[in-house]
Every structure is written in structure tokens, then in C-alpha cells.
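Trainee: Input file: run.cif. Contents: mmCIF, C-alpha atoms.
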```cif
data_work
loop_
_atom_site.label_atom_id
_atom_site.label_comp_id
_atom_site.auth_asym_id
_atom_site.auth_seq_id
_atom_site.Cartn_x
_atom_site.Cartn_y
_atom_site.Cartn_z
CA MET A 233 60.96 60.67 110.51
CA ASN A 234 61.00 63.09 113.42
CA THR A 235 59.21 66.36 113.05
CA LEU A 236 60.80 69.53 114.41
CA ASN A 237 58.57 71.75 116.49
CA TYR A 238 58.94 75.33 115.25
CA THR A 239 57.98 76.74 118.65
CA LEU A 240 61.06 75.11 120.20
CA LYS A 241 63.26 77.17 117.86
CA PRO A 242 65.72 74.33 117.08
CA ASP A 243 69.31 74.89 116.05
CA PHE A 244 70.05 74.61 112.36
CA ILE A 245 72.96 72.65 110.96
CA LEU A 246 75.03 74.35 108.24
CA MET A 247 76.30 71.60 105.94
CA GLY A 248 78.87 73.94 104.40
CA LEU A 249 80.49 73.51 101.01
CA THR A 250 82.00 70.01 101.24
CA ASP A 251 82.35 66.95 103.49
CA SER A 252 85.97 66.34 102.52
CA LYS A 253 88.37 67.25 105.36
CA GLU A 254 91.17 68.00 102.89
CA VAL A 255 89.01 70.35 100.83
CA GLN A 256 87.70 72.01 104.02
CA LEU A 257 91.27 72.75 105.10
CA VAL A 258 92.15 74.26 101.71
CA LEU A 259 88.96 76.35 101.70
CA SER A 260 89.53 77.55 105.27
CA VAL A 261 93.03 78.80 104.40
CA LEU A 262 91.76 80.42 101.19
CA PHE A 263 88.77 82.09 102.88
CA LEU A 264 90.94 83.28 105.77
CA LEU A 265 93.38 84.93 103.35
CA ILE A 266 90.50 86.48 101.39
CA TYR A 267 88.92 87.78 104.61
CA LEU A 268 92.21 89.31 105.79
CA VAL A 269 92.64 91.06 102.43
CA THR A 270 88.99 92.20 102.65
CA VAL A 271 89.46 93.68 106.12
CA LEU A 272 92.80 95.34 105.34
CA GLY A 273 91.67 96.55 101.91
CA ASN A 274 88.39 98.10 103.02
CA ILE A 275 89.76 99.61 106.25
CA GLY A 276 92.73 100.90 104.23
CA MET A 277 90.40 102.49 101.67
CA ILE A 278 88.36 104.18 104.42
CA LEU A 279 91.50 105.53 106.12
CA ILE A 280 93.04 106.82 102.88
CA ILE A 281 89.86 108.72 102.02
CA ARG A 282 89.56 110.11 105.55
CA LEU A 283 93.22 111.17 105.78
CA ASP A 284 93.55 112.82 102.36
CA VAL A 285 91.67 116.11 102.04
CA GLN A 286 91.67 115.96 98.23
CA LEU A 287 89.49 112.84 98.40
CA HIS A 288 86.78 114.58 100.43
CA THR A 289 84.39 114.61 97.47
CA PRO A 290 80.93 113.02 96.90
CA MET A 291 82.40 110.13 94.92
CA TYR A 292 84.75 109.14 97.73
CA PHE A 293 82.10 109.83 100.36
CA PHE A 294 80.05 107.05 98.76
CA LEU A 295 83.13 104.88 98.29
CA THR A 296 83.84 105.11 102.03
CA HIS A 297 80.43 103.69 102.79
CA LEU A 298 80.77 101.05 100.06
CA SER A 299 83.92 99.84 101.83
CA PHE A 300 82.04 99.85 105.15
CA LEU A 301 79.20 97.77 103.68
CA ASP A 302 81.60 95.28 102.06
CA LEU A 303 83.52 94.90 105.31
CA SER A 304 80.30 94.49 107.30
CA TYR A 305 78.53 91.88 105.21
CA SER A 306 81.72 89.90 104.74
CA THR A 307 82.07 89.88 108.55
CA VAL A 308 78.46 88.70 108.90
CA ILE A 309 79.25 85.58 106.81
CA THR A 310 82.96 84.69 106.75
CA PRO A 311 83.86 84.16 110.46
CA LYS A 312 81.01 81.65 110.92
CA THR A 313 81.98 79.93 107.68
CA LEU A 314 85.59 79.61 108.90
CA GLU A 315 84.35 78.20 112.22
CA ASN A 316 82.34 75.55 110.38
CA LEU A 317 85.30 74.63 108.17
CA LEU A 318 87.86 74.44 110.99
CA THR A 319 85.79 72.76 113.70
CA SER A 320 83.25 69.97 113.97
CA THR A 321 80.65 72.51 115.14
CA LYS A 322 78.15 72.97 112.34
CA ASN A 323 75.28 74.25 114.48
CA ILE A 324 73.86 77.74 114.34
CA SER A 325 71.05 78.78 116.66
CA PHE A 326 67.64 79.70 115.33
CA MET A 327 68.12 83.31 116.43
CA GLY A 328 71.70 83.37 115.16
CA CYS A 329 70.60 82.09 111.76
CA PHE A 330 67.83 84.66 111.36
CA THR A 331 70.08 87.45 112.65
CA GLN A 332 72.74 86.53 110.08
CA MET A 333 70.13 86.50 107.33
CA TYR A 334 68.62 89.83 108.45
CA PHE A 335 71.91 91.74 108.42
CA PHE A 336 73.09 90.12 105.21
CA VAL A 337 69.93 91.12 103.32
CA LEU A 338 70.02 94.60 104.88
CA LEU A 339 73.65 95.23 103.88
CA ALA A 340 73.32 93.70 100.39
CA ALA A 341 70.13 95.67 99.61
CA THR A 342 71.73 98.88 100.94
CA GLU A 343 74.71 98.28 98.66
CA CYS A 344 72.37 98.05 95.65
CA PHE A 345 71.00 101.53 96.33
CA LEU A 346 74.44 102.90 97.22
CA LEU A 347 75.81 101.70 93.87
CA SER A 348 72.92 103.47 92.12
CA SER A 349 73.73 106.65 94.07
CA MET A 350 77.34 106.36 92.89
CA ALA A 351 76.13 105.98 89.30
CA TYR A 352 74.03 109.15 89.64
CA ASP A 353 77.09 110.94 91.04
CA ARG A 354 79.08 109.96 87.92
CA TYR A 355 76.18 111.12 85.72
CA VAL A 356 76.18 114.60 87.30
CA ALA A 357 80.01 114.80 87.16
CA ILE A 358 80.15 114.03 83.42
CA CYS A 359 76.84 115.34 82.08
CA LYS A 360 76.43 118.41 84.31
CA PRO A 361 79.96 119.31 85.43
CA LEU A 362 79.25 123.03 85.93
CA HIS A 363 76.43 122.24 88.38
CA TYR A 364 78.18 119.32 90.11
CA SER A 365 79.07 121.07 93.36
CA VAL A 366 75.55 122.51 93.66
CA ILE A 367 73.64 119.29 92.89
CA MET A 368 75.92 116.89 94.82
CA SER A 369 75.93 118.94 98.01
CA LYS A 370 76.76 117.37 101.38
CA ARG A 371 73.09 117.49 102.31
CA PHE A 372 71.98 115.71 99.13
CA CYS A 373 74.73 113.07 99.43
CA SER A 374 73.70 112.41 103.03
CA ALA A 375 70.06 112.09 101.90
CA LEU A 376 71.03 109.53 99.24
CA LEU A 377 73.04 107.56 101.79
CA THR A 378 70.24 107.64 104.37
CA GLY A 379 67.75 106.57 101.72
CA SER A 380 69.96 103.62 100.79
CA TYR A 381 70.01 102.40 104.40
CA VAL A 382 66.26 102.98 104.84
CA PHE A 383 65.35 100.99 101.71
CA GLY A 384 67.79 98.24 102.73
CA THR A 385 66.22 98.07 106.20
CA VAL A 386 62.68 97.88 104.77
CA ASP A 387 63.69 95.12 102.36
CA SER A 388 65.37 93.10 105.11
CA THR A 389 62.53 93.62 107.61
CA VAL A 390 59.90 92.43 105.13
CA ASN A 391 62.09 89.43 104.31
CA MET A 392 62.43 88.62 108.03
CA LEU A 393 58.70 88.99 108.75
CA CYS A 394 57.89 86.64 105.89
CA MET A 395 60.47 84.05 106.91
CA GLY A 396 59.29 84.25 110.53
CA THR A 397 55.88 82.83 109.57
CA LEU A 398 57.35 79.58 108.21
CA ASP A 399 57.29 76.20 109.95
CA PHE A 400 60.40 74.04 109.69
CA CYS A 401 59.80 70.32 109.97
CA ASN A 402 61.46 66.98 109.16
CA SER A 403 64.91 68.52 108.74
CA ASN A 404 67.02 71.27 110.27
CA VAL A 405 69.92 70.76 107.86
CA ILE A 406 70.72 73.82 105.73
CA HIS A 407 72.51 72.78 102.56
CA ASP A 408 74.62 75.91 102.39
CA PHE A 409 77.44 77.63 104.29
CA PHE A 410 75.31 80.50 105.66
CA CYS A 411 71.67 81.30 106.39
CA ASP A 412 70.15 82.65 103.21
CA THR A 413 66.52 82.88 102.14
CA SER A 414 66.56 80.19 99.44
CA PRO A 415 67.95 77.22 101.41
CA LEU A 416 65.75 78.10 104.42
CA ILE A 417 62.59 78.20 102.32
CA ALA A 418 63.61 74.83 100.86
CA LEU A 419 63.45 73.41 104.42
CA SER A 420 59.98 74.71 105.19
CA CYS A 421 56.96 72.43 105.30
CA SER A 422 54.60 75.43 105.05
CA ASN A 423 52.94 76.63 101.88
CA THR A 424 55.57 79.12 100.75
CA HIS A 425 53.93 80.37 97.53
CA ASP A 426 52.67 83.70 98.92
CA ILE A 427 55.83 84.31 100.95
CA GLU A 428 58.06 83.56 97.97
CA PHE A 429 56.00 85.99 95.89
CA ILE A 430 56.32 88.81 98.46
CA ILE A 431 60.08 88.23 98.90
CA PHE A 432 60.50 88.08 95.10
CA ILE A 433 58.61 91.38 94.67
CA PHE A 434 60.71 93.21 97.27
CA ALA A 435 64.04 91.69 96.15
CA GLY A 436 63.11 92.27 92.51
CA SER A 437 62.08 95.87 93.21
CA THR A 438 65.40 96.53 94.96
CA LEU A 439 67.38 95.18 92.02
CA LEU A 440 65.12 96.73 89.38
CA LEU A 441 64.97 100.25 90.87
CA SER A 442 68.72 100.39 91.41
CA LEU A 443 69.46 98.89 87.97
CA ILE A 444 67.11 101.37 86.25
CA THR A 445 68.91 104.26 87.98
CA ILE A 446 72.32 102.85 87.04
CA SER A 447 71.28 102.09 83.43
CA ALA A 448 69.68 105.53 82.91
CA SER A 449 72.75 107.24 84.37
CA TYR A 450 75.17 105.37 82.12
CA MET A 451 73.05 105.78 79.01
CA SER A 452 73.21 109.55 79.56
CA ILE A 453 76.95 109.30 80.31
CA LEU A 454 77.56 107.30 77.13
CA SER A 455 75.58 109.82 75.08
CA THR A 456 77.66 112.68 76.54
CA ILE A 457 80.98 110.85 76.00
CA LEU A 458 80.14 110.17 72.35
CA LYS A 459 79.65 113.91 71.82
CA ILE A 460 83.18 114.67 73.03
CA SER A 461 85.36 115.34 70.00
CA SER A 462 88.83 114.52 71.37
CA THR A 463 89.96 110.95 72.02
CA SER A 464 91.76 111.96 75.20
CA GLY A 465 88.58 113.64 76.47
CA LYS A 466 86.59 110.47 75.86
CA GLN A 467 89.20 108.34 77.61
CA LYS A 468 89.32 110.66 80.61
CA ALA A 469 85.52 110.67 80.94
CA PHE A 470 85.30 106.89 80.61
CA SER A 471 88.13 106.30 83.09
CA THR A 472 86.13 108.04 85.84
CA CYS A 473 83.40 105.41 85.42
CA ALA A 474 85.41 102.26 84.62
CA SER A 475 85.89 101.10 88.24
CA HIS A 476 82.23 101.60 89.10
CA ILE A 477 81.04 99.80 85.96
CA LEU A 478 83.24 96.80 86.78
CA ALA A 479 82.05 96.70 90.41
CA VAL A 480 78.39 96.96 89.37
CA THR A 481 78.71 94.23 86.73
CA ILE A 482 80.27 91.74 89.14
CA PHE A 483 77.90 92.52 92.03
CA TYR A 484 74.64 92.53 90.09
CA GLY A 485 75.57 89.58 87.91
CA THR A 486 75.90 87.21 90.87
CA MET A 487 72.98 88.76 92.82
CA ILE A 488 70.55 88.37 89.91
CA PHE A 489 71.71 84.81 89.20
CA THR A 490 71.20 83.78 92.82
CA HIS A 491 68.03 85.62 93.88
CA LEU A 492 65.75 86.42 90.95
CA LYS A 493 64.35 82.91 90.59
CA SER A 494 62.18 80.53 92.55
CA ASN A 495 63.62 79.78 95.98
CA LYS A 496 62.46 76.16 95.71
CA SER A 497 64.84 75.71 92.78
CA PHE A 498 67.86 76.23 95.05
CA SER A 499 70.79 74.29 93.55
CA LEU A 500 73.72 73.10 95.64
CA GLY A 501 76.30 73.54 92.92
CA LYS A 502 75.81 76.74 90.91
CA ASP A 503 74.04 78.68 93.68
CA GLN A 504 76.76 77.97 96.23
CA VAL A 505 79.52 79.07 93.85
CA ALA A 506 77.62 82.30 93.17
CA SER A 507 77.01 82.77 96.91
CA VAL A 508 80.70 82.32 97.73
CA PHE A 509 81.53 84.87 95.07
CA TYR A 510 79.25 87.68 96.23
CA THR A 511 79.54 87.05 100.00
CA ILE A 512 83.28 86.38 100.32
CA VAL A 513 85.09 87.33 97.09
CA ILE A 514 83.38 90.58 95.98
CA PRO A 515 84.00 92.43 99.30
CA MET A 516 87.71 91.76 98.68
CA LEU A 517 87.58 92.85 95.01
CA ASN A 518 85.95 96.27 95.43
CA PRO A 519 88.86 98.00 97.25
CA LEU A 520 91.27 96.42 94.75
CA ILE A 521 89.17 97.63 91.80
CA TYR A 522 88.89 101.18 93.13
CA SER A 523 92.53 101.45 94.18
CA LEU A 524 94.41 99.70 91.36
CA ARG A 525 92.35 101.39 88.63
CA ASN A 526 92.18 104.81 90.29
CA LYS A 527 95.05 107.27 89.95
CA GLU A 528 93.58 109.63 92.57
CA VAL A 529 93.70 106.89 95.22
CA LYS A 530 97.29 106.02 94.24
CA TYR A 531 98.33 109.67 94.44
CA ALA A 532 96.56 109.98 97.80
CA MET A 533 98.49 106.96 99.13
CA ASN A 534 101.76 108.55 98.01
CA ARG A 535 100.85 111.88 99.64
CA ILE A 536 99.97 110.17 102.95
CA ILE A 537 103.21 108.15 102.91
CA LYS A 538 105.29 111.28 102.21
CA LYS A 539 103.55 113.15 105.04
CA ARG A 540 104.30 110.32 107.43
CA GLU A 541 107.95 110.23 106.32
CA LYS A 542 108.30 113.99 106.85
CA GLY A 543 106.71 113.67 110.27
CA LEU A 544 109.28 111.10 111.40
#
```
Since I need it in another form, could you write the structure as C-alpha cells?

Mentor:
Amino acid sequence: MNTLNYTLKPDFILMGLTDSKEVQLVLSVLFLLIYLVTVLGNIGMILIIRLDVQLHTPMYFFLTHLSFLDLSYSTVITPKTLENLLTSTKNISFMGCFTQMYFFVLLAATECFLLSSMAYDRYVAICKPLHYSVIMSKRFCSALLTGSYVFGTVDSTVNMLCMGTLDFCNSNVIHDFFCDTSPLIALSCSNTHDIEFIIFIFAGSTLLLSLITISASYMSILSTILKISSTSGKQKAFSTCASHILAVTIFYGTMIFTHLKSNKSFSLGKDQVASVFYTIVIPMLNPLIYSLRNKEVKYAMNRIIKKREKGL
């Protein structure tokens, strides 16, 4: 069996999701439609928030950046996946593979902290409504956003430095549709115990810190909602959080399933389904969740349409 020389930086081969040409065609059409909805949905959400003055609030400030992150990390993965499905070219360069992995980890980790910032925003809005405008100032919101990107960058950089020390020998075939940490570690002929531990600690810390923030925020929110005497008051308070709770549940559920386990236990079946869900499907779902379940966004769309009609 030939041994690959790491110093030559060989191309990797992305095996994708299936060898069946018929299934590849179906998946390519499906993923293309999902990607188009993702692009239109997230760009549409950003434009609606930018164009409607009434949506210039901390909640929608964070939602703008959530749409940007979803659009970005979907774009990091989906176009290359479509290329692999539609053509016979399965290769991805060493640098291209590691670049894809770096930006994916960066954007996904940043989204974890952004979702926790959004949960804190909901906590202040419901539990401390009289102090909301003071606490959630533009400066503080910008600091939370910057912190999210900084932590995401640190997480991704550590991941990249660890992965860069590995030797890849005997095989350059990645049994997945994109370059992720788990399938790459499975290819390595190096001793990966220490590296897996470091990556696990940083990935686990990202998930744990953000989940603790989200859980603490919603425990306080639930306690406050239960103290509201009127049913309509409870429903109104809960409705402001419903979209975020749904988005958090879907995102963290698949992330935890895929990443908080040993990378050597990478499974072609379950892990790939989970990966497809959080890399391709979730970026499409978030704008749908926040628009279909949000009356303020619907009203904003109507106001923008009416303004455009009057301007014609």
C-alpha cells in the first residue's frame, strides 16, 4: 500500500454521500434548491431588517448577523458539495480542504456564541424590561458580537493548529462530503490522542459556555413568565422567545450529536445525516423560523412593500 508523504500536501478525495449516479442527481437538485432558498431567505432577512427602521433593535441586530453566518457557512460547504455531485471531480486540494474546515469551524463556533447573546437579549427584554434600552446599548451589543467572532476565531485557530501537526498516510480518501475534523482525524496515521483531547476541550467549552448562558437565560425567563398572572401576558412573553428556542434546539442538537464524541468513532451513516442537516438544512431553516413565526417581520415586509408601491 502506498504511503502519502505529508510534506507533498496531496489532494484529498471527497467520497461524498453516495456512489449512485441517480441518487447523486436527486441530491444535487435538492441541495441546489435548498441553497437557493438559503441565499434568498438570509439575504432577504438582512435587507428587511436594514430597510425597516422599526426593526433596528438589539434583537434584530443579532438576527442580521445570524443570517450572515448562516449564509456564509452554507456557502463554505454547499457549492463544493454540488460540484462533487454534478461532476466527476472529487478532489479538493490540501490547502482548500483545510481552508474549508477553518472557516466552517470559525462560523459555527461564532454562531454558538451569537445564539447565547440572543438568549441574553431575550432575558433582559423579559426579566428587566425597564432597563432594556440601557443594558442592551449599541456599544454592549457590538461588544457581544465582537466577542462571538473572537471566540469563534480562537476555537478555529486552535483546531487548525492541532490538525496541522497530523500526518496523513495510506489513504487520502475522506469519507464525507466536506472537510470536517472527524473524518480527517480518521485518516491520520499519527497518534491523535492528545490532539483529539485538545480539540474536544475547545469544542466542548464552546458548546458548554454558550449552552450555560442560554440555559441560565431561559430558566430566568421561565421563572418570570410563570409569575405573570394573565394568560395573554404569558403567551406574549413566550412568543418573543419561541423562534429562538426552536433555532437553538435544532442547531445544538445536531452539533452535540456530531462533535461531542471521539473523532475516531466517525460513522458514515448517522454522522453524515447530522452533518447534512446542520451544514445545509439549518441555514435554510433559520430565516423561515424567524419570519414565519414572527409578526414583526411580517409587518415589516408589508410596510416595505407598501412603501415601494407608493414610490412607483

Trainee: For Val285 of chain A, which of A:Met533, A:Val386, A:Ala351, A:Cys359 is the closest residue, counting only C-alpha atoms?

Mentor: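 Of the candidates, the smallest distance to Val285 of chain A is held by A:Met533.
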
Trainee: From the options A:Thr310, A:Thr289, A:Leu295, A:Tyr450, which residue's atoms come nearest to Leu265 of chain A, counting all atoms listed in the file?

Mentor: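 Among the listed residues, the smallest separation from Leu265 of chain A belongs to A:Thr310.
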
Trainee: In terms of the shortest atom-to-atom distance over only C-alpha atoms, which of A:Val480, A:Leu454, A:Leu298, A:Leu259 is closest to Met277 of chain A?

Mentor: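 Result for the nearest residue to Met277 of chain A: A:Leu298.
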
Trainee: Need to verify the contact set: Tyr522 of chain A, 9 Å, only C-alpha atoms, exclusion of same-chain residues closer than 3 positions in sequence. Can you return it as a PyMOL selection string?

Mentor: chain A and resi 277+295+475-476+479+517-519+525-526+529

Trainee: Find, counting all atoms listed in the file, the residue in A:Gly396, A:Gly273, A:Gly436, A:Pro290 that gets nearest to Ser374 of chain A.

Mentor: A:Pro290

Trainee: Point out the residue among A:Thr397, A:Gln286, A:Thr319, A:Thr342 with the least atom-to-atom distance to Ser422 of chain A, counting all atoms listed in the file.

Mentor: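 Nearest to Ser422 of chain A: A:Thr397.
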
Trainee: Quick one: 5 Å padding each side, axis-aligned, all listed atoms of segment 519-529 of chain A - centre and edge lengths in Å to one decimal, as lines of an AutoDock Vina configuration file?

Mentor:
```
center_x = 92.0
center_y = 103.0
center_z = 92.9
size_x = 16.2
size_y = 23.2
size_z = 18.6
```

Trainee: If you measure from atom CA of Leu303 of chain A to atom CA of Ile446 of chain A, what distance in Å do you get, rounded to one decimal?

Mentor: 22.9 Å

Trainee: To one decimal place in Å, what is the distance between atom CA of Asn274 of chain A and atom CA of Ser299 of chain A?

Mentor: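 Atom CA of Asn274 of chain A sits 4.9 Å away from atom CA of Ser299 of chain A.
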
Trainee: May I ask which of the residues A:Lys539, A:Asn323, A:Ser442, A:Gly465 is the closest one to Met350 of chain A, counting all atoms listed in the file?

Mentor: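 The answer is A:Ser442, which sits nearest to Met350 of chain A.
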
Trainee: Using the chain letters and numbering of this document, enumerate as an MDAnalysis selection string the residues selected by the PyMOL selection byres ((chain A and resi 336-341) around 7).

Mentor: chainID A and resid 301 305 308 332:335 342:345 384:385 387:388 438

Trainee: Between atom CA of Pro515 of chain A and atom CA of Phe483 of chain A, what is the distance in Å, rounded to a tenth?

Mentor: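 One can read the atom CA of Pro515 of chain A to atom CA of Phe483 of chain A distance as 9.5 Å.
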
Trainee: Determine the residue membership of the PyMOL selection byres ((chain A and resi 368) around 10) for the file above and supply it as number ranges by chain.

Mentor: A: 289-291, 352-353, 356-357, 363-367, 369-374, 376

Trainee: Quick one: write out the picked residues with C-alpha atoms as a short mmCIF file (atom, residue, chain, number, x, y, z; two decimals), in the coordinates of the input?

Mentor:
```cif
data_model
loop_
_atom_site.label_atom_id
_atom_site.label_comp_id
_atom_site.auth_asym_id
_atom_site.auth_seq_id
_atom_site.Cartn_x
_atom_site.Cartn_y
_atom_site.Cartn_z
CA THR A 289 84.39 114.61 97.47
CA PRO A 290 80.93 113.02 96.90
CA MET A 291 82.40 110.13 94.92
CA TYR A 352 74.03 109.15 89.64
CA ASP A 353 77.09 110.94 91.04
CA VAL A 356 76.18 114.60 87.30
CA ALA A 357 80.01 114.80 87.16
CA HIS A 363 76.43 122.24 88.38
CA TYR A 364 78.18 119.32 90.11
CA SER A 365 79.07 121.07 93.36
CA VAL A 366 75.55 122.51 93.66
CA ILE A 367 73.64 119.29 92.89
CA SER A 369 75.93 118.94 98.01
CA LYS A 370 76.76 117.37 101.38
CA ARG A 371 73.09 117.49 102.31
CA PHE A 372 71.98 115.71 99.13
CA CYS A 373 74.73 113.07 99.43
CA SER A 374 73.70 112.41 103.03
CA LEU A 376 71.03 109.53 99.24
#
```

Trainee: Provide segment 370-389 of chain A rebuilt to N, CA, C and O atoms, formatted as a short mmCIF file (atom, residue, chain, number, x, y, z; two decimals), in the frame of the given file.

Mentor:
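New file out03.cif:
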```
data_model
loop_
_atom_site.label_atom_id
_atom_site.label_comp_id
_atom_site.auth_asym_id
_atom_site.auth_seq_id
_atom_site.Cartn_x
_atom_site.Cartn_y
_atom_site.Cartn_z
N LYS A 370 76.64 118.29 100.24
CA LYS A 370 76.76 117.37 101.38
C LYS A 370 75.39 116.91 101.86
O LYS A 370 75.20 115.74 102.22
N ARG A 371 74.44 117.82 101.84
CA ARG A 371 73.09 117.49 102.31
C ARG A 371 72.44 116.45 101.40
O ARG A 371 71.81 115.50 101.88
N PHE A 372 72.59 116.63 100.09
CA PHE A 372 71.98 115.71 99.13
C PHE A 372 72.66 114.34 99.19
O PHE A 372 71.99 113.30 99.14
N CYS A 373 73.98 114.33 99.32
CA CYS A 373 74.73 113.07 99.43
C CYS A 373 74.31 112.31 100.68
O CYS A 373 74.14 111.08 100.65
N SER A 374 74.14 113.03 101.78
CA SER A 374 73.70 112.41 103.03
C SER A 374 72.29 111.85 102.89
O SER A 374 71.97 110.78 103.44
N ALA A 375 71.44 112.56 102.13
CA ALA A 375 70.06 112.09 101.90
C ALA A 375 70.06 110.80 101.08
O ALA A 375 69.30 109.87 101.37
N LEU A 376 70.92 110.74 100.05
CA LEU A 376 71.03 109.53 99.24
C LEU A 376 71.52 108.35 100.07
O LEU A 376 71.01 107.23 99.95
N LEU A 377 72.50 108.62 100.93
CA LEU A 377 73.04 107.56 101.79
C LEU A 377 71.98 107.07 102.78
O LEU A 377 71.80 105.85 102.94
N THR A 378 71.30 108.01 103.41
CA THR A 378 70.24 107.64 104.37
C THR A 378 69.14 106.84 103.69
O THR A 378 68.67 105.84 104.22
N GLY A 379 68.77 107.28 102.49
CA GLY A 379 67.75 106.57 101.72
C GLY A 379 68.17 105.15 101.40
O GLY A 379 67.35 104.22 101.46
N SER A 380 69.44 104.95 101.09
CA SER A 380 69.96 103.62 100.79
C SER A 380 69.79 102.69 102.00
O SER A 380 69.34 101.55 101.87
N TYR A 381 70.14 103.20 103.18
CA TYR A 381 70.01 102.40 104.40
C TYR A 381 68.54 102.15 104.76
O TYR A 381 68.18 101.06 105.23
N VAL A 382 67.69 103.14 104.53
CA VAL A 382 66.26 102.98 104.84
C VAL A 382 65.65 101.91 103.94
O VAL A 382 64.93 101.01 104.43
N PHE A 383 65.90 101.98 102.63
CA PHE A 383 65.35 100.99 101.71
C PHE A 383 65.91 99.59 102.01
O PHE A 383 65.19 98.59 101.93
N GLY A 384 67.19 99.52 102.37
CA GLY A 384 67.79 98.24 102.73
C GLY A 384 67.15 97.66 103.97
O GLY A 384 66.88 96.44 104.04
N THR A 385 66.86 98.52 104.95
CA THR A 385 66.22 98.07 106.20
C THR A 385 64.80 97.57 105.94
O THR A 385 64.38 96.55 106.49
N VAL A 386 64.06 98.30 105.11
CA VAL A 386 62.68 97.88 104.77
C VAL A 386 62.69 96.53 104.07
O VAL A 386 61.92 95.63 104.42
N ASP A 387 63.58 96.38 103.10
CA ASP A 387 63.69 95.12 102.36
C ASP A 387 63.99 93.96 103.30
O ASP A 387 63.36 92.90 103.26
N SER A 388 64.96 94.16 104.19
CA SER A 388 65.37 93.10 105.11
C SER A 388 64.29 92.79 106.14
O SER A 388 64.07 91.62 106.49
N THR A 389 63.59 93.82 106.62
CA THR A 389 62.53 93.62 107.61
C THR A 389 61.37 92.83 107.03
O THR A 389 60.83 91.92 107.67
#
```
